Amino acid sequence: MSPPRRAVGTREAAEKVRRELEARLTLGDTGFLHDQVEHIATFAIYSERWLKQYAEVQCKPSTIAGYRRILKLRLLPEFGASRLDEITRDQLKQYISKLASGDLSRNTLRNTLCAIRVILNQAIEDGLLDKNPAARLGRFTSKKSRRVDLSKQLRRVLLALRDQRLLKALSEGKTSIADDLVFPSPEGSVLDPDNLIKRYFLPCVGHARLRRFRFHDLRHSFGSLLIQDGASLAYVKEQMGHSSIQVTVDTYGHLIPGANISWVDRLDTETAPHQDAPAAHQQETAMEEDLPEVLENVGGGGWTRTNDLRIMRTQRPSAPI
């Protein structure tokens with residue numbers, strides 16, 4: 001059994017503690033292990049500490065409110081009473097699968113899993129856990145496959161890349177590239193998101209002389225351009241993978257060309273005169289068309305008003321009879 005982890009100040013102090021713990025284990029003294037277990041906080045206690053010491057320092061108020069809502073509604077009822085070291089990977093798998101079988105959206109499932117993963121990662125940093133049981137559990141939150149259309153230009157680029165990779169594989173004695181990554185790292189592994197953004201994405205943005213923006217904003221650009229080019233909300237919903245069309249409307253509905261001004265234009269059809277309108281109505285409409293000219297003459301050349309509309313003048317007294 002390896003000695004328990006204990007947070008200390010310096011490397012020298014850490015080495016001293018390690019030697020002491022190993023010596024006690026060698027002599028058969030395991031009582032301190034029980035003392036160490038008793039000091040490991042429950043998930044409820046540690047998550048509250050995490051909110052105050054880390055989240056409230058680094059996150060926006062809206063993000064903190066989201067974390068609190070997820071903890072209150074989903075994580076604390078399930079794991080609140082458990083010690084951090086009692087939460088197992090199998091428990092998390094079963095719980096996420098249970099949530100996925102309900103009516104929750106994929107985004108809600110991802111946020112729930114992200115919250116407990118972040119909290120347990122901090123517990124590792126604090127020396128309370130050796131590993132995170134919530135790591136790499138994302139596959140348990142995509143319920144069904146989703147088809148995304150590719151433009152002709154993008155298809156040509158990907159097909160050319162496939163042919164290039166296939167020729168290289170054949171020259172190396174391989175017969176298939178079906179299991180290869182489309183965009184691997186230089187070492188052939190999965191791309192690290194931070195490296196992708198820092199080494200490739202941000203330099204491209206700077207080279208194009210664009211203002212700095214998030215990688216995720218490309219997704220919003222995709223949806224916005226589809227809407228502005230006349231795509232239906234139903235199609236955009238499917239391409240974006242939204243859980244409901246209401247999400248699409250709330251996010252991109254204001255971008256529909258003429259979506260708002262068309263309602264104002266319809267008022268003209270409601271107030272415009274019809275062909276069979278009576279003569280009195282047509283005469284009244286003609287009088288309304290002359291109103292701008294009448295209004296412009298108010299206050300000019302008469303006895304009741306001066307040319308300056310801001311000054312009122314008394315009426316000229318009538319001549320005696």
# chains A, B, ... in the order shown; residues from 1 in each chain; ligands from 1
call {"tool": "select_by_dssp", "arguments": {"residues": "segment 47-181 of chain A", "states": "helix (DSSP H, G or I)", "output": "number ranges by chain"}}
result
A: 47-58, 61-79, 84-86, 89-100, 106-125, 138-141, 152-171
call {"tool": "residues_around", "arguments": {"residues": "segment 249-256 of chain A", "least_positions_apart": "5", "cutoff": "8 Å", "atoms": "only C-alpha atoms", "output": "VMD selection string"}}
result
chain A and resid 223 to 224 227 to 228 230 233
call {"tool": "atom_distance", "arguments": {"atom1": "atom CA of Ala134 of chain A", "atom2": "atom CA of Leu113 of chain A"}}
result
7.4 Å
call {"tool": "atom_distance", "arguments": {"atom1": "atom CA of Pro186 of chain A", "atom2": "atom CA of Lys198 of chain A"}}
result
14.7 Å
call {"tool": "atom_distance", "arguments": {"atom1": "atom CA of Asp179 of chain A", "atom2": "atom CA of Gly241 of chain A"}}
result
24.8 Å
call {"tool": "residues_around", "arguments": {"residues": "Leu161 of chain A", "least_positions_apart": "4", "cutoff": "12 Å", "atoms": "only C-alpha atoms", "output": "PyMOL selection string"}}
result
chain A and resi 154-157+165-168+177+181-183
call {"tool": "write_last_selection", "arguments": {"atoms": "C-alpha atoms", "output": "compact mmCIF listing (two decimals), in the first residue's frame"}}
result
# COMPACT_ATOMS: atom_id res chain seq x y z
CA LEU A 154 -15.03 21.11 -47.99
CA ARG A 155 -15.72 17.64 -49.40
CA ARG A 156 -13.10 18.17 -52.11
CA VAL A 157 -10.52 19.19 -49.52
CA ARG A 165 -3.04 9.81 -46.44
CA LEU A 166 -4.00 6.59 -48.20
CA LEU A 167 -1.06 6.79 -50.60
CA LYS A 168 1.30 7.39 -47.70
CA ILE A 177 -6.60 4.26 -42.78
CA LEU A 181 -7.48 10.39 -36.98
CA VAL A 182 -8.43 13.02 -39.54
CA PHE A 183 -6.56 15.78 -37.70
call {"tool": "closest_residue", "arguments": {"among": "A:Val148, A:Cys204, A:Lys72, A:Tyr46", "to": "Lys237 of chain A", "atoms": "only C-alpha atoms"}}
result
A:Val148
call {"tool": "residues_around", "arguments": {"residues": "segment 114-120 of chain A", "least_positions_apart": "6", "cutoff": "7 Å", "atoms": "only C-alpha atoms", "output": "PyMOL selection string"}}
result
chain A and resi 47+50+67+132+134-135
call {"tool": "write_last_selection", "arguments": {"atoms": "N, CA and C atoms", "output": "PDB file, in the first residue's frame"}}
result
ATOM      1  N   SER A  47     -17.343  20.554  -2.506  1.00  0.00           N
ATOM      2  CA  SER A  47     -17.869  21.342  -3.626  1.00  0.00           C
ATOM      3  C   SER A  47     -18.199  22.763  -3.189  1.00  0.00           C
ATOM      4  N   TRP A  50     -14.951  24.494  -2.939  1.00  0.00           N
ATOM      5  CA  TRP A  50     -14.467  24.776  -4.299  1.00  0.00           C
ATOM      6  C   TRP A  50     -15.155  25.999  -4.897  1.00  0.00           C
ATOM      7  N   TYR A  67     -23.129  26.571 -12.012  1.00  0.00           N
ATOM      8  CA  TYR A  67     -22.541  25.505 -11.197  1.00  0.00           C
ATOM      9  C   TYR A  67     -23.423  25.195  -9.989  1.00  0.00           C
ATOM     10  N   ASN A 132      -8.939  11.129 -11.282  1.00  0.00           N
ATOM     11  CA  ASN A 132     -10.294  11.655 -11.433  1.00  0.00           C
ATOM     12  C   ASN A 132     -11.189  10.589 -12.057  1.00  0.00           C
ATOM     13  N   ALA A 134     -14.081  10.892 -13.086  1.00  0.00           N
ATOM     14  CA  ALA A 134     -14.960  11.484 -14.106  1.00  0.00           C
ATOM     15  C   ALA A 134     -14.222  11.818 -15.393  1.00  0.00           C
ATOM     16  N   ALA A 135     -12.925  11.491 -15.463  1.00  0.00           N
ATOM     17  CA  ALA A 135     -12.155  11.820 -16.660  1.00  0.00           C
ATOM     18  C   ALA A 135     -12.595  10.954 -17.835  1.00  0.00           C
TER      19      ALA A 135
END
call {"tool": "residues_around", "arguments": {"residues": "segment 92-97 of chain A", "least_positions_apart": "4", "cutoff": "12 Å", "atoms": "only C-alpha atoms", "output": "ChimeraX atom specification"}}
result
/A:74-75,77-79,86-88,101-104,106,108-114,116-117,132-143
call {"tool": "residues_around", "arguments": {"residues": "Gly80 of chain A", "least_positions_apart": "6", "cutoff": "7 Å", "atoms": "only C-alpha atoms", "output": "PDB file with C-alpha atoms, in the first residue's frame"}}
result
ATOM      1  CA  THR A  42     -17.566  14.687   1.496  1.00  0.00           C
ATOM      2  CA  PHE A  43     -18.446  15.845  -1.976  1.00  0.00           C
ATOM      3  CA  ALA A  44     -20.984  18.287  -0.539  1.00  0.00           C
TER       4      ALA A  44
END
